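Working notes, beginning with the structure itself.
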Amino acid sequence: GKKKQGDPFMKKEWYDIKAPTMFSTRQCGKTLVTRTSGTKIASEALKGRVLELNLADLNNDEDQGYKKIKLCVEEIQGRNCLTDFHGMELTRDKQCALIRKGQTLIEGHADVKTTDGFVVRLFCISFTKRRQDQVKSNCYARSAQIRKIRKKMVEIMTKEAGTVQLRELVKKLIPEVIGKEIEKQTQGIFPLKDTHIRKVKIIKKPKFDITKLMELHGDGDSDAGVTMVVEESSEAQNLLTASANATTGDDE
């Protein structure tokens with residue numbers, strides 16, 4: 001006979017998503033997965049899922065709403081999915097708001113290996129800036145200047161990302177440290193504005209290390225154990241100490 005079609009959502013269960021410690025909101029969402037049945041294990045189906053979240057939600061800061069963060073589920077603990085950083089991008093509306101006529105857009109990209117073995121690809125975007133008392137309506141850079149600026153961009157991105165671990169790099173990406181550094185160092189070539197790391201991709205990951213992930217999640221902060229409901233009576237004593245006390249009493 002025909003197989004009865006049940007509601008597929010009856011077979012699902014919800015898992016909580018935990019963001020790494022570099023973000024202030026740790027409990028950042030939920031995800032659905034089909035329950036374990038037969039050889040299909042729920043936790044295996046969850047691993048490797050990539051989630052896209054807004055940085056404004058992760059850090060409770062409206063001003064950071066133009067950045068999207070990707071997190072990848074690496075490990076399952078009970079009902080919690082422990083995630084790691086997987087990428088970053090500027091929102092479409094932010095990128096469109098930056099682009100105007102009468103200025104030069106300069107882009108650069110670099111593949112960098114962090115000290116803990118991740119290979120990341122960083123994309124940088126920047127625009128030429130008008131002088132304080134400029135009369136001319138445009139401010140175009142020459143191609144030689146653009147090449148110099150791009151070279152500087154790649155140099156700074158490689159230096160900033162190649163000397164730290166991935167988690168430190170993420171902490172640099174949030175307050176635009178790299179962009180400000182690029183603006184500062186290219187001042188002599190051509191003044192720049194709106195310098196952003198517009199995208200970060202993770203190209204290669206090192207071998208999965210659970211201890212590193214636990215460090216990143218601060219050793220499961222909320223699941224430290226439930227406080228005892230029933231108070232232990234004062235007579236209750238550790239058996240070892242009780243026997244030790246008894247033997248010392250006998251010796252005396």
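FYI, nothing fancy with the structure tokens labels: chains A, B, ... in order, residues from 1 per chain, ligands from 1 as they appear.
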
Out of segment 4-116 of chain A, which residues get helix (DSSP H, G or I) from DSSP, as a CSV table (one decimal) with C-alpha atoms, in the first residue's frame?
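Output file selection-v9.csv follows:
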chain,number,residue,atom,x,y,z
A,8,PRO,CA,8.5,15.9,8.5
A,9,PHE,CA,8.7,18.4,11.4
A,10,MET,CA,7.6,15.7,13.8
A,11,LYS,CA,11.0,14.1,13.3
A,42,ALA,CA,21.9,14.0,14.1
A,43,SER,CA,25.2,15.4,15.4
A,44,GLU,CA,26.9,14.4,12.2
A,45,ALA,CA,24.3,16.1,10.1
A,46,LEU,CA,24.9,19.3,12.0
A,55,LEU,CA,27.5,41.4,13.7
A,56,ALA,CA,25.0,43.9,15.2
A,57,ASP,CA,23.2,40.9,16.8
A,58,LEU,CA,26.4,39.1,17.9
A,59,ASN,CA,27.8,42.2,19.6
A,62,GLU,CA,23.6,48.7,16.1
A,63,ASP,CA,26.6,50.5,14.5
A,64,GLN,CA,28.2,47.3,13.4
A,92,ARG,CA,25.4,44.9,-0.1
A,93,ASP,CA,23.8,48.2,0.9
A,94,LYS,CA,27.0,49.3,2.7
A,95,GLN,CA,29.2,48.5,-0.4
A,96,CYS,CA,26.8,50.4,-2.7
A,97,ALA,CA,26.7,53.4,-0.3
A,98,LEU,CA,30.5,53.7,-0.5

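Every protein or nucleic acid residue with an atom no more than 12 Å from Lys212 of chain A, counting only C-alpha atoms and leaving out same-chain residues fewer than 2 positions away, appears here: Pro20, Glu74, Glu75, Leu82, Thr83, Asp84, Asp116, Gln165, Leu166, Arg167, Pro206, Lys207, Phe208, Asp209, Ile210, Met214, Glu215, Leu216, His217, Gly218 and Asp219 of chain A.
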
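Counting only C-alpha atoms, segment 65-73 of chain A has the following residues at most 6 Å away, ignoring those fewer than 5 positions along the same chain: Lys47, Gly48, Arg49, Val50, Leu51, Glu52, Leu53, Asn54, Leu55, Ala56, Leu82, Thr83, Asp84, Phe85, His86, Gly87, Met88, Glu89, Leu90 and Thr91 of chain A.
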
Output N, CA, C and O atoms of each residue in that selection to a file, as a tab-separated table (two decimals), in the first residue's frame.
chain	number	residue	atom	x	y	z
A	47	LYS	N	27.25	18.95	11.85
A	47	LYS	CA	28.65	19.39	11.69
A	47	LYS	C	28.88	19.92	10.28
A	47	LYS	O	28.44	19.32	9.31
A	48	GLY	N	29.58	21.04	10.21
A	48	GLY	CA	29.88	21.60	8.89
A	48	GLY	C	28.83	22.57	8.39
A	48	GLY	O	28.98	23.16	7.32
A	49	ARG	N	27.74	22.76	9.16
A	49	ARG	CA	26.75	23.75	8.74
A	49	ARG	C	27.32	25.15	8.87
A	49	ARG	O	27.97	25.46	9.85
A	50	VAL	N	27.05	25.98	7.87
A	50	VAL	CA	27.55	27.36	7.91
A	50	VAL	C	26.37	28.29	8.16
A	50	VAL	O	25.34	28.22	7.48
A	51	LEU	N	26.52	29.14	9.19
A	51	LEU	CA	25.44	30.04	9.58
A	51	LEU	C	25.88	31.47	9.32
A	51	LEU	O	27.02	31.82	9.58
A	52	GLU	N	24.96	32.27	8.82
A	52	GLU	CA	25.30	33.67	8.56
A	52	GLU	C	24.55	34.55	9.56
A	52	GLU	O	23.33	34.48	9.67
A	53	LEU	N	25.30	35.35	10.31
A	53	LEU	CA	24.70	36.20	11.33
A	53	LEU	C	25.19	37.63	11.16
A	53	LEU	O	26.28	37.87	10.69
A	54	ASN	N	24.35	38.56	11.61
A	54	ASN	CA	24.77	39.96	11.54
A	54	ASN	C	25.59	40.30	12.77
A	54	ASN	O	25.28	39.88	13.88
A	55	LEU	N	26.66	41.07	12.58
A	55	LEU	CA	27.55	41.42	13.69
A	55	LEU	C	26.83	42.27	14.74
A	55	LEU	O	27.16	42.23	15.92
A	56	ALA	N	25.82	43.03	14.31
A	56	ALA	CA	25.04	43.85	15.25
A	56	ALA	C	24.35	42.97	16.29
A	56	ALA	O	24.27	43.32	17.47
A	82	LEU	N	28.78	24.02	18.90
A	82	LEU	CA	29.91	24.94	19.08
A	82	LEU	C	30.43	25.36	17.71
A	82	LEU	O	30.73	24.51	16.88
A	83	THR	N	30.52	26.66	17.50
A	83	THR	CA	30.90	27.15	16.18
A	83	THR	C	32.27	27.82	16.19
A	83	THR	O	32.80	28.15	17.24
A	84	ASP	N	32.81	28.01	14.99
A	84	ASP	CA	34.07	28.72	14.82
A	84	ASP	C	33.89	29.71	13.67
A	84	ASP	O	33.03	29.52	12.81
A	85	PHE	N	34.72	30.74	13.64
A	85	PHE	CA	34.63	31.76	12.60
A	85	PHE	C	34.86	31.14	11.23
A	85	PHE	O	35.74	30.31	11.05
A	86	HIS	N	34.02	31.53	10.25
A	86	HIS	CA	34.13	30.92	8.92
A	86	HIS	C	34.25	31.97	7.80
A	86	HIS	O	34.55	31.64	6.67
A	87	GLY	N	34.00	33.25	8.12
A	87	GLY	CA	34.11	34.27	7.08
A	87	GLY	C	33.40	35.55	7.49
A	87	GLY	O	32.68	35.59	8.48
A	88	MET	N	33.66	36.60	6.72
A	88	MET	CA	33.02	37.89	6.99
A	88	MET	C	32.80	38.61	5.67
A	88	MET	O	33.56	38.44	4.72
A	89	GLU	N	31.73	39.42	5.63
A	89	GLU	CA	31.46	40.19	4.41
A	89	GLU	C	30.74	41.48	4.79
A	89	GLU	O	29.99	41.50	5.77
A	90	LEU	N	30.95	42.51	3.99
A	90	LEU	CA	30.15	43.73	4.18
A	90	LEU	C	28.80	43.53	3.52
A	90	LEU	O	28.70	42.83	2.50
A	91	THR	N	27.76	44.14	4.07
A	91	THR	CA	26.43	44.00	3.46
A	91	THR	C	26.40	44.73	2.12
A	91	THR	O	27.16	45.67	1.89

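The residue that comes closest to Glu155 of chain A, out of A:His109, A:Lys18, A:Arg79, A:Lys180 and on the basis of only C-alpha atoms, is A:His109.
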
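The smallest atom-to-atom distance between Ile76 of chain A and any of A:Ser24, A:Tyr15, A:Ile178, A:Arg100, using only C-alpha atoms, is found for A:Tyr15.
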
If DSSP is run on the backbone, what residues of segment 43-81 of chain A are strand (DSSP E)? A reply as a compact mmCIF listing (two decimals) with C-alpha atoms, in the first residue's frame would be ideal.
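Below you can see out03.txt, which holds the result:
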# COMPACT_ATOMS: atom_id res chain seq x y z
CA VAL A 50 27.55 27.36 7.91
CA LEU A 51 25.44 30.04 9.58
CA GLU A 52 25.30 33.67 8.56
CA LEU A 53 24.70 36.20 11.33
CA ASN A 54 24.77 39.96 11.54
CA LYS A 67 29.00 43.36 8.62
CA LYS A 68 27.87 39.77 8.16
CA ILE A 69 29.71 37.01 9.98
CA LYS A 70 29.74 33.37 8.93
CA LEU A 71 30.13 30.70 11.61
CA CYS A 72 30.71 27.01 10.98
CA VAL A 73 29.45 24.28 13.32
CA GLU A 74 32.49 22.28 14.43
CA GLU A 75 31.35 20.19 17.40
CA ILE A 76 28.13 19.16 19.19
CA GLN A 77 27.91 19.11 22.99
CA ASN A 80 24.71 22.99 21.92
CA CYS A 81 26.43 23.48 18.58

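Computed from the coordinates, the atom CA of Thr21 of chain A to atom CA of Thr163 of chain A distance equals 20.5 Å.
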
Exercise for the section: Name the residues in contact with segment 120-130 of chain A at a cut-off of 9 Å, using only C-alpha atoms, excluding same-chain residues fewer than 3 positions from it; report them as a PyMOL selection string. Expected result: chain A and resi 87+98-99+103-114+133-134+136-141+153-154+157-158+161+166+179+183+190-205

Any chance you could export the current selection's C-alpha atoms as an mmCIF file, in the first residue's frame?
data_model
loop_
_atom_site.group_PDB
_atom_site.id
_atom_site.type_symbol
_atom_site.label_atom_id
_atom_site.label_comp_id
_atom_site.auth_asym_id
_atom_site.auth_seq_id
_atom_site.Cartn_x
_atom_site.Cartn_y
_atom_site.Cartn_z
ATOM 1 C CA GLY A 87 34.108 34.271 7.081
ATOM 2 C CA LEU A 98 30.460 53.717 -0.508
ATOM 3 C CA ILE A 99 30.710 53.848 -4.302
ATOM 4 C CA GLN A 103 36.787 59.180 -7.016
ATOM 5 C CA THR A 104 39.009 56.161 -7.645
ATOM 6 C CA LEU A 105 38.073 52.768 -6.192
ATOM 7 C CA ILE A 106 41.117 50.696 -5.237
ATOM 8 C CA GLU A 107 40.896 47.008 -4.388
ATOM 9 C CA GLY A 108 43.501 44.550 -3.163
ATOM 10 C CA HIS A 109 43.469 40.958 -1.961
ATOM 11 C CA ALA A 110 45.900 38.642 -0.204
ATOM 12 C CA ASP A 111 46.075 35.005 0.897
ATOM 13 C CA VAL A 112 47.590 34.829 4.359
ATOM 14 C CA LYS A 113 48.384 31.944 6.693
ATOM 15 C CA THR A 114 47.661 32.685 10.362
ATOM 16 C CA ASP A 133 39.962 73.013 0.403
ATOM 17 C CA GLN A 134 39.807 71.320 -2.988
ATOM 18 C CA LYS A 136 38.115 70.410 -8.446
ATOM 19 C CA SER A 137 35.071 68.122 -8.140
ATOM 20 C CA ASN A 138 36.943 64.841 -8.703
ATOM 21 C CA CYS A 139 39.930 63.215 -7.051
ATOM 22 C CA TYR A 140 41.315 60.500 -9.305
ATOM 23 C CA ALA A 141 44.597 58.738 -8.518
ATOM 24 C CA MET A 153 47.464 47.123 1.095
ATOM 25 C CA VAL A 154 48.679 43.578 0.452
ATOM 26 C CA MET A 157 47.103 42.690 5.279
ATOM 27 C CA THR A 158 49.836 40.032 5.172
ATOM 28 C CA ALA A 161 46.995 38.632 9.605
ATOM 29 C CA LEU A 166 42.600 33.454 13.743
ATOM 30 C CA GLY A 179 41.644 49.594 7.336
ATOM 31 C CA GLU A 183 44.830 54.739 5.499
ATOM 32 C CA PHE A 190 47.281 59.556 -1.920
ATOM 33 C CA PRO A 191 44.826 60.279 0.913
ATOM 34 C CA LEU A 192 42.239 57.505 1.245
ATOM 35 C CA LYS A 193 38.866 57.158 2.964
ATOM 36 C CA ASP A 194 36.339 54.360 3.669
ATOM 37 C CA THR A 195 39.019 51.679 3.761
ATOM 38 C CA HIS A 196 37.390 48.380 4.709
ATOM 39 C CA ILE A 197 38.206 44.707 4.639
ATOM 40 C CA ARG A 198 35.139 43.942 2.541
ATOM 41 C CA LYS A 199 35.375 40.178 2.668
ATOM 42 C CA VAL A 200 37.224 37.396 4.479
ATOM 43 C CA LYS A 201 37.161 33.811 3.276
ATOM 44 C CA ILE A 202 38.681 30.800 4.957
ATOM 45 C CA ILE A 203 40.438 28.850 2.233
ATOM 46 C CA LYS A 204 42.067 26.091 4.294
ATOM 47 C CA LYS A 205 41.562 24.860 7.832
#
